[in-house]
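**Q** Okay, so here is input17.cif, and as you'll see once you scroll down, it has mmCIF, C-alpha atoms.
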```cif
data_final
loop_
_atom_site.label_atom_id
_atom_site.label_comp_id
_atom_site.auth_asym_id
_atom_site.auth_seq_id
_atom_site.Cartn_x
_atom_site.Cartn_y
_atom_site.Cartn_z
CA MET A 1 131.50 31.04 35.06
CA ALA A 2 131.77 34.39 33.27
CA SER A 3 135.17 35.66 32.19
CA GLU A 4 136.21 39.01 33.64
CA ARG A 5 136.85 40.16 30.06
CA GLU A 6 133.15 39.72 29.25
CA GLU A 7 131.94 42.03 32.03
CA PHE A 8 131.86 45.68 31.01
CA GLY A 9 132.07 46.87 34.61
CA LEU A 10 135.37 45.01 35.08
CA SER A 11 137.16 45.44 31.74
CA GLY A 12 135.28 48.02 29.66
CA PRO A 13 136.26 51.66 28.99
CA LEU A 14 134.48 53.11 32.01
CA HIS A 15 136.60 56.26 31.69
CA LEU A 16 134.60 57.31 28.62
CA THR A 17 131.72 58.94 30.47
CA PHE A 18 131.34 61.37 27.58
CA VAL A 19 132.12 60.56 23.93
CA ASP A 20 133.69 63.24 21.78
CA TRP A 21 133.04 61.89 18.29
CA MET A 22 135.86 64.03 16.90
CA ASN A 23 138.35 62.30 19.23
CA ALA A 24 140.19 59.37 17.59
CA HIS A 25 140.65 57.53 20.90
CA HIS A 26 136.95 57.81 21.71
CA ARG A 27 135.90 56.62 18.24
CA ARG A 28 138.30 53.68 18.41
CA SER A 29 137.13 52.73 21.90
CA VAL A 30 133.45 52.78 20.97
CA ALA A 31 134.00 50.70 17.83
CA ALA A 32 136.04 48.13 19.78
CA SER A 33 133.39 47.97 22.51
CA MET A 34 130.66 47.21 19.96
CA ILE A 35 132.75 44.26 18.77
CA GLN A 36 133.20 43.03 22.33
CA GLY A 37 129.43 43.27 22.62
CA VAL A 38 129.13 40.72 19.80
CA TYR A 39 131.65 38.39 21.46
CA THR A 40 129.64 38.57 24.67
CA LEU A 41 126.32 38.08 22.86
CA GLU A 42 127.66 34.80 21.50
CA ARG A 43 128.94 33.72 24.93
CA ASP A 44 125.55 34.61 26.46
CA ARG A 45 123.96 32.35 23.85
CA GLN A 46 126.40 29.50 24.46
CA LEU A 47 126.06 29.63 28.24
CA LYS A 48 122.29 30.31 28.10
CA ARG A 49 122.69 33.52 30.09
CA LEU A 50 119.30 35.21 29.87
CA GLY A 51 117.67 38.24 31.48
CA PRO A 52 119.69 39.71 34.36
CA LYS A 53 122.38 37.03 33.89
CA ALA A 54 123.21 38.21 30.35
CA LEU A 55 126.38 40.31 30.16
CA ALA A 56 126.34 41.73 26.64
CA SER A 57 124.08 44.80 26.76
CA PRO A 58 126.32 47.15 28.85
CA TRP A 59 128.90 47.08 26.04
CA TRP A 60 126.59 49.14 23.84
CA GLU A 61 124.13 50.71 26.28
CA PHE A 62 126.96 52.56 28.07
CA PHE A 63 127.43 54.54 24.84
CA ASN A 64 123.68 55.04 24.22
CA PHE A 65 123.33 52.42 21.50
CA ARG A 66 120.59 49.85 21.24
CA LEU A 67 120.76 46.41 19.64
CA LEU A 68 118.81 46.57 16.40
CA ARG A 69 119.56 43.09 15.04
CA GLN A 70 121.76 40.06 15.61
CA LEU A 71 123.55 38.46 12.64
CA VAL A 72 123.38 34.67 12.92
CA ASP A 73 125.43 32.09 11.02
CA ASP A 74 123.23 29.65 9.14
CA ALA A 75 125.70 26.78 9.63
CA ASP A 76 126.02 26.67 13.44
CA SER A 77 123.47 29.29 14.62
CA SER A 78 126.23 31.30 16.29
CA ILE A 79 125.94 35.08 16.63
CA PHE A 80 128.77 36.53 14.54
CA GLY A 81 127.63 40.12 14.20
CA ALA A 82 125.26 42.81 15.35
CA ILE A 83 123.69 46.02 14.07
CA TYR A 84 123.50 48.81 16.65
CA GLU A 85 121.53 52.05 16.47
CA TYR A 86 122.74 55.20 18.20
CA LYS A 87 120.17 56.86 20.46
CA PRO A 88 121.90 59.93 21.92
CA PRO A 89 120.41 61.69 24.94
CA THR A 90 118.61 64.93 24.10
CA SER A 91 121.14 66.79 26.25
CA HIS A 92 124.00 66.08 23.79
CA CYS A 93 124.95 69.04 21.64
CA HIS A 94 124.56 68.79 17.88
CA HIS A 95 128.23 69.69 17.29
CA SER A 96 129.32 66.56 19.16
CA LEU A 97 126.93 64.40 17.11
CA ASP A 98 128.12 65.59 13.71
CA SER A 99 130.80 62.89 13.49
CA SER A 100 128.86 60.16 15.27
CA PRO A 101 127.58 57.08 13.48
CA ARG A 102 123.85 56.47 13.39
CA TYR A 103 124.46 52.74 13.05
CA ILE A 104 127.39 50.40 13.69
CA ILE A 105 127.61 46.97 12.08
CA ALA A 106 130.10 44.92 14.10
CA PHE A 107 131.62 41.47 13.55
CA ARG A 108 133.39 39.33 16.13
CA GLY A 109 136.44 37.16 15.56
CA THR A 110 137.10 33.52 16.38
CA VAL A 111 135.61 32.25 19.64
CA THR A 112 137.77 29.42 20.99
CA LYS A 113 134.90 27.51 22.57
CA PRO A 114 133.58 24.14 21.32
CA GLU A 115 130.14 25.49 20.34
CA SER A 116 131.52 27.76 17.59
CA LEU A 117 135.21 26.89 17.18
CA SER A 118 134.94 24.47 14.24
CA ARG A 119 132.89 26.90 12.13
CA ASP A 120 135.14 29.84 12.98
CA LEU A 121 138.28 27.86 12.10
CA GLU A 122 136.68 26.83 8.82
CA LEU A 123 136.21 30.52 8.00
CA ASP A 124 139.78 31.30 9.09
CA LEU A 125 140.95 28.78 6.49
CA HIS A 126 138.80 30.50 3.88
CA ILE A 127 140.67 33.74 4.64
CA ILE A 128 144.00 32.03 3.98
CA ARG A 129 142.59 30.63 0.70
CA ASN A 130 141.14 34.05 -0.27
CA GLY A 131 137.73 32.42 -0.36
CA LEU A 132 135.84 34.25 2.39
CA GLN A 133 133.50 35.83 -0.16
CA GLU A 134 132.20 32.35 -1.04
CA THR A 135 130.98 31.56 2.49
CA SER A 136 127.39 31.83 3.65
CA ARG A 137 128.42 33.89 6.69
CA PHE A 138 129.92 36.60 4.50
CA LYS A 139 126.89 36.55 2.23
CA ILE A 140 124.67 37.20 5.26
CA ALA A 141 127.04 40.00 6.35
CA ILE A 142 127.26 41.78 3.00
CA GLN A 143 123.49 41.54 2.53
CA ALA A 144 123.03 43.25 5.90
CA VAL A 145 125.51 45.99 4.95
CA GLN A 146 123.92 46.56 1.55
CA ASN A 147 120.44 46.72 3.08
CA MET A 148 121.52 49.25 5.71
CA VAL A 149 123.32 51.41 3.13
CA ALA A 150 120.25 51.38 0.91
CA THR A 151 118.03 52.34 3.86
CA VAL A 152 120.05 54.99 5.74
CA GLY A 153 123.00 55.87 3.47
CA GLU A 154 126.69 55.03 3.81
CA SER A 155 127.59 58.23 5.67
CA ASN A 156 125.50 57.10 8.65
CA ILE A 157 127.16 53.70 9.07
CA TRP A 158 130.35 52.36 10.60
CA LEU A 159 131.71 48.88 9.97
CA ALA A 160 133.78 47.35 12.77
CA GLY A 161 135.47 43.98 13.14
CA HIS A 162 138.18 42.14 15.03
CA SER A 163 140.43 39.37 13.63
CA LEU A 164 138.13 37.11 11.57
CA GLY A 165 135.49 39.82 11.98
CA ALA A 166 137.95 42.44 10.69
CA ALA A 167 138.43 40.32 7.57
CA MET A 168 134.63 40.27 7.16
CA ALA A 169 134.37 44.04 7.58
CA LEU A 170 137.34 44.61 5.26
CA LEU A 171 135.84 42.46 2.51
CA ALA A 172 132.43 44.12 2.94
CA GLY A 173 134.04 47.56 2.78
CA LYS A 174 136.06 46.65 -0.33
CA THR A 175 132.97 45.20 -1.99
CA MET A 176 131.04 48.42 -1.39
CA ALA A 177 133.99 50.63 -2.40
CA LYS A 178 134.20 48.93 -5.79
CA THR A 179 130.73 50.31 -6.48
CA GLY A 180 131.71 53.82 -5.38
CA ILE A 181 130.19 53.52 -1.88
CA PHE A 182 132.69 54.31 0.89
CA VAL A 183 131.69 53.13 4.36
CA GLN A 184 133.78 54.12 7.39
CA ALA A 185 135.50 50.99 8.72
CA PHE A 186 137.39 50.14 11.93
CA LEU A 187 139.51 47.02 11.44
CA PHE A 188 141.21 45.59 14.54
CA ASN A 189 143.99 42.97 14.19
CA SER A 190 142.92 42.17 10.64
CA PRO A 191 144.69 39.06 9.24
CA PHE A 192 147.60 39.54 6.85
CA PHE A 193 148.96 36.11 6.03
CA SER A 194 152.46 36.21 4.53
CA ALA A 195 156.06 35.46 5.43
CA PRO A 196 156.80 37.03 8.87
CA VAL A 197 159.22 39.64 7.51
CA GLU A 198 158.21 42.19 10.15
CA ARG A 199 159.74 39.99 12.87
CA ILE A 200 163.24 40.34 11.39
CA LYS A 201 165.24 42.68 13.64
CA ASP A 202 167.97 43.67 11.18
CA LYS A 203 166.46 46.55 9.17
CA ARG A 204 168.83 46.11 6.21
CA VAL A 205 167.94 42.44 5.86
CA LYS A 206 164.25 43.20 6.26
CA HIS A 207 164.23 45.99 3.66
CA GLY A 208 166.38 43.94 1.28
CA LEU A 209 164.00 41.01 1.51
CA ARG A 210 160.97 43.25 0.92
CA ILE A 211 162.60 44.88 -2.13
CA ALA A 212 163.46 41.48 -3.60
CA THR A 213 159.91 40.23 -2.97
CA SER A 214 158.43 43.33 -4.59
CA VAL A 215 160.58 42.94 -7.72
CA ILE A 216 159.68 39.25 -8.03
CA THR A 217 155.97 39.90 -7.42
CA ALA A 218 155.85 42.75 -9.94
CA GLY A 219 157.68 40.65 -12.52
CA LEU A 220 155.32 37.72 -12.05
CA ALA A 221 152.31 40.03 -12.28
CA ILE A 222 153.52 41.31 -15.66
CA ALA A 223 154.24 37.77 -16.85
CA VAL A 224 150.79 36.49 -15.84
CA LYS A 225 149.03 39.41 -17.53
CA ASN A 226 151.06 38.91 -20.72
CA ASN A 227 150.31 35.19 -20.67
CA GLN A 228 146.59 35.92 -20.36
CA ASN A 229 146.74 38.76 -22.92
CA SER A 230 144.92 40.97 -20.42
CA ARG A 231 145.07 44.74 -20.37
CA SER A 232 146.95 46.45 -17.58
CA VAL A 233 144.26 47.84 -15.25
CA ASP A 234 145.04 49.26 -11.82
CA PRO A 235 142.57 47.50 -9.48
CA PHE A 236 143.51 49.90 -6.67
CA ALA A 237 142.41 53.02 -8.56
CA ALA A 238 138.72 52.62 -7.72
CA LEU A 239 139.48 51.67 -4.10
CA SER A 240 142.08 54.32 -3.27
CA ALA A 241 139.54 56.86 -1.96
CA TRP A 242 138.36 54.36 0.67
CA VAL A 243 140.57 54.82 3.75
CA PRO A 244 139.65 52.30 6.47
CA CYS A 245 141.00 52.71 10.00
CA LEU A 246 143.40 49.81 10.55
CA PHE A 247 144.62 48.89 14.04
CA VAL A 248 147.73 46.72 14.37
CA ASN A 249 149.97 45.44 17.16
CA PRO A 250 153.56 44.64 16.05
CA ALA A 251 153.67 41.70 18.49
CA ASP A 252 150.65 40.10 16.79
CA HIS A 253 151.97 37.97 13.92
CA ILE A 254 148.47 37.69 12.45
CA CYS A 255 148.28 41.39 11.52
CA ALA A 256 151.81 42.82 11.99
CA GLU A 257 152.77 42.57 8.29
CA TYR A 258 150.49 45.52 7.55
CA ILE A 259 153.16 47.75 9.10
CA GLY A 260 155.81 46.83 6.54
CA TYR A 261 153.24 46.59 3.75
CA PHE A 262 152.54 50.31 3.99
CA GLU A 263 155.97 51.56 5.14
CA HIS A 264 157.69 49.77 2.27
CA ARG A 265 155.85 51.84 -0.34
CA LYS A 266 157.57 55.03 0.81
CA ILE A 267 160.97 53.32 0.85
CA MET A 268 160.47 52.15 -2.74
CA ASP A 269 159.43 55.66 -3.79
CA ASP A 270 162.50 57.13 -2.09
CA ILE A 271 164.88 54.86 -4.03
CA GLY A 272 163.13 55.58 -7.32
CA ILE A 273 161.26 52.36 -8.00
CA GLY A 274 157.82 53.28 -6.70
CA ALA A 275 156.23 52.01 -9.91
CA VAL A 276 157.47 48.50 -9.13
CA GLU A 277 155.96 48.65 -5.67
CA ARG A 278 152.64 50.01 -6.93
CA LEU A 279 152.33 46.89 -9.06
CA ALA A 280 153.62 44.54 -6.36
CA THR A 281 151.36 45.94 -3.64
CA GLN A 282 148.26 44.98 -5.67
CA ASN A 283 149.26 41.32 -5.90
CA SER A 284 150.25 38.40 -3.71
CA LEU A 285 152.46 35.53 -4.84
CA GLY A 286 149.73 33.05 -3.93
CA GLY A 287 147.12 34.97 -5.88
CA LEU A 288 149.37 35.19 -8.95
CA PHE A 289 150.00 31.45 -8.82
CA MET A 290 146.25 30.76 -8.63
CA SER A 291 145.67 33.17 -11.52
CA TYR A 292 148.30 31.39 -13.60
CA MET A 293 146.52 28.10 -12.88
CA GLY A 294 143.30 29.59 -14.23
CA ARG A 295 141.55 30.47 -10.99
CA GLU A 296 141.05 34.19 -10.55
CA THR A 297 141.39 35.14 -6.91
CA GLU A 298 141.85 38.44 -5.11
CA ALA A 299 143.99 38.69 -2.00
CA LEU A 300 141.62 39.82 0.74
CA HIS A 301 144.19 41.66 2.83
CA LEU A 302 145.59 43.91 0.09
CA ILE A 303 144.21 47.46 0.27
CA PRO A 304 145.47 50.67 -1.34
CA SER A 305 144.93 53.16 1.50
CA ALA A 306 144.55 53.11 5.27
CA ASN A 307 144.65 55.20 8.41
CA LEU A 308 147.09 52.92 10.24
CA THR A 309 147.28 52.93 14.05
CA VAL A 310 150.04 50.86 15.68
CA ASN A 311 149.96 50.01 19.39
CA LEU A 312 153.56 50.44 20.52
CA THR A 313 152.86 49.41 24.13
CA PRO A 314 154.74 46.14 24.84
CA ALA A 315 152.39 43.16 25.08
CA GLN A 316 152.87 40.43 27.68
CA ASP A 317 151.93 37.66 25.26
CA PHE A 318 150.24 36.93 21.94
CA LYS A 319 146.80 36.81 23.56
CA GLU A 320 147.16 40.41 24.71
CA ALA A 321 148.70 41.56 21.42
CA HIS A 322 145.82 40.06 19.43
CA GLY A 323 143.06 40.96 21.89
CA ILE A 324 140.35 43.58 21.43
CA HIS A 325 140.68 45.05 24.94
CA GLN A 326 143.99 46.82 24.19
CA TRP A 327 142.23 49.24 21.85
CA TRP A 328 140.41 51.22 24.53
CA ARG A 329 143.27 51.47 27.02
CA PRO A 330 143.80 55.19 27.80
CA ASP A 331 147.48 54.63 28.72
CA ALA A 332 148.53 52.79 25.54
CA GLY A 333 151.08 54.31 23.18
CA PHE A 334 149.45 54.65 19.77
CA GLN A 335 151.21 55.82 16.61
CA CYS A 336 148.99 56.91 13.70
CA LYS A 337 149.74 57.57 10.04
CA ILE A 338 147.57 57.92 6.95
CA TYR A 339 148.70 56.09 3.82
CA GLN A 340 146.96 57.33 0.68
CA TYR A 341 147.52 55.35 -2.50
CA LYS A 342 148.49 57.48 -5.51
#
```
Here is the file; what I need is its structure written in the form of structure tokens.
**A**
Amino acid sequence: MASEREEFGLSGPLHLTFVDWMNAHHRRSVAASMIQGVYTLERDRQLKRLGPKALASPWWEFFNFRLLRQLVDDADSSIFGAIYEYKPPTSHCHHSLDSSPRYIIAFRGTVTKPESLSRDLELDLHIIRNGLQETSRFKIAIQAVQNMVATVGESNIWLAGHSLGAAMALLAGKTMAKTGIFVQAFLFNSPFFSAPVERIKDKRVKHGLRIATSVITAGLAIAVKNNQNSRSVDPFAALSAWVPCLFVNPADHICAEYIGYFEHRKIMDDIGIGAVERLATQNSLGGLFMSYMGRETEALHLIPSANLTVNLTPAQDFKEAHGIHQWWRPDAGFQCKIYQYK
């Protein structure tokens, strides 16, 4: 039996009868809907819903997109992504289309159903280990992104992902940005695995703990570099011009640490030790330990800049706080701020 959340007519953003591509809420809603389309494509495959029984297509057709290609995992044959092409009606004015994507490459997150759960959990573990770039699923994803960029140009493409899929889109975006190619990205509930400092209610304790962690991390980073006799190079310098759109719910422990990660930089600048934080923010304690042991690894979740949107609407439970559906609710309370690394 189909879940209500899979049916566009029951849970989709039906209020968006016209998309203003300059409107942040509209852009966010479309990107999130494309991701839900991938989730539903995979459920259609699992439940063998074909023809009129398939539920996925309204998630993109409502916004005048067509499915160009499915991205399929070579390990379990699950559909983990999709490439959509925008086909606007001739009646739409050119001004409205100026900020529209010509293509959206979207990646779903973990599907908690037996047909795909084991493979998705395996990839979730790779995120924790900072090894997602080694997986065949990511290699399929980045090849698709590189091919599309080479064919149509980065300015015509959006990347979008939720949870595990956000980690895929983030890594793909970072990979491209390192070569000077900046692709617009919409990252929903992207994983940030660290100590749950953001859940501490006492602000003084929380800030004190973050300051102490930053000092320790920066000190270890200097020690590791000195031990390896490596030159001090700012890895964020080349990435700083890439500003992905990052969407976080404070009640979602998987992604909530992004809030403090960015807010803490300003606090450190205000107290005069911004240089310490600039070094700390590029490194994770786990990554430094692995580097000391001789295995170079880059923390996936660390990024220099972001357009951060926080959903301040109280969530009933973790499932709602981590879900994709919250991001097209017209009545939600969103707070946005751009953090530009300097």
**Q** Can you list, as number ranges by chain, every protein, DNA or RNA residue that comes within 12 Å of Thr175 of chain A when you count all atoms listed in the file, leaving out same-chain residues fewer than 4 positions away?
**A** A: 133, 138-139, 141-143, 145-146, 168-171, 179-183, 238-239, 242, 298, 300, 303
**Q** What is the atom CA of Arg137 of chain A to atom CA of Asp73 of chain A distance in Å?
**A**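 Computing it gives 5.6 Å between the two atoms.
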**Q** Between atom CA of Thr313 of chain A and atom CA of Phe334 of chain A, what distance in Å does the model show, to one decimal?
**A**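 These atoms are spaced 7.6 Å apart.
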**Q** Calculated over all atoms listed in the file, which of the candidates A:Tyr258, A:Ala75, A:Leu312, A:Asp234 has the smallest distance to Asp331 of chain A?
**A** A:Leu312
**Q** Which is closest to Ile338 of chain A among A:Glu115, A:Glu263, A:Glu154, A:Asp44, if we use only C-alpha atoms?
**A**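 Using only C-alpha atoms, Ile338 of chain A sits closest to A:Glu263.
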**Q** Please, what is the axis-aligned box for every listed atom of segment 235-238 of chain A with 4 Å on each side, as centre and edge lengths in Å to one decimal, as JSON?
**A**
```
{"center_x": 141.1, "center_y": 50.3, "center_z": -8.1, "size_x": 12.8, "size_y": 13.5, "size_z": 10.8}
```
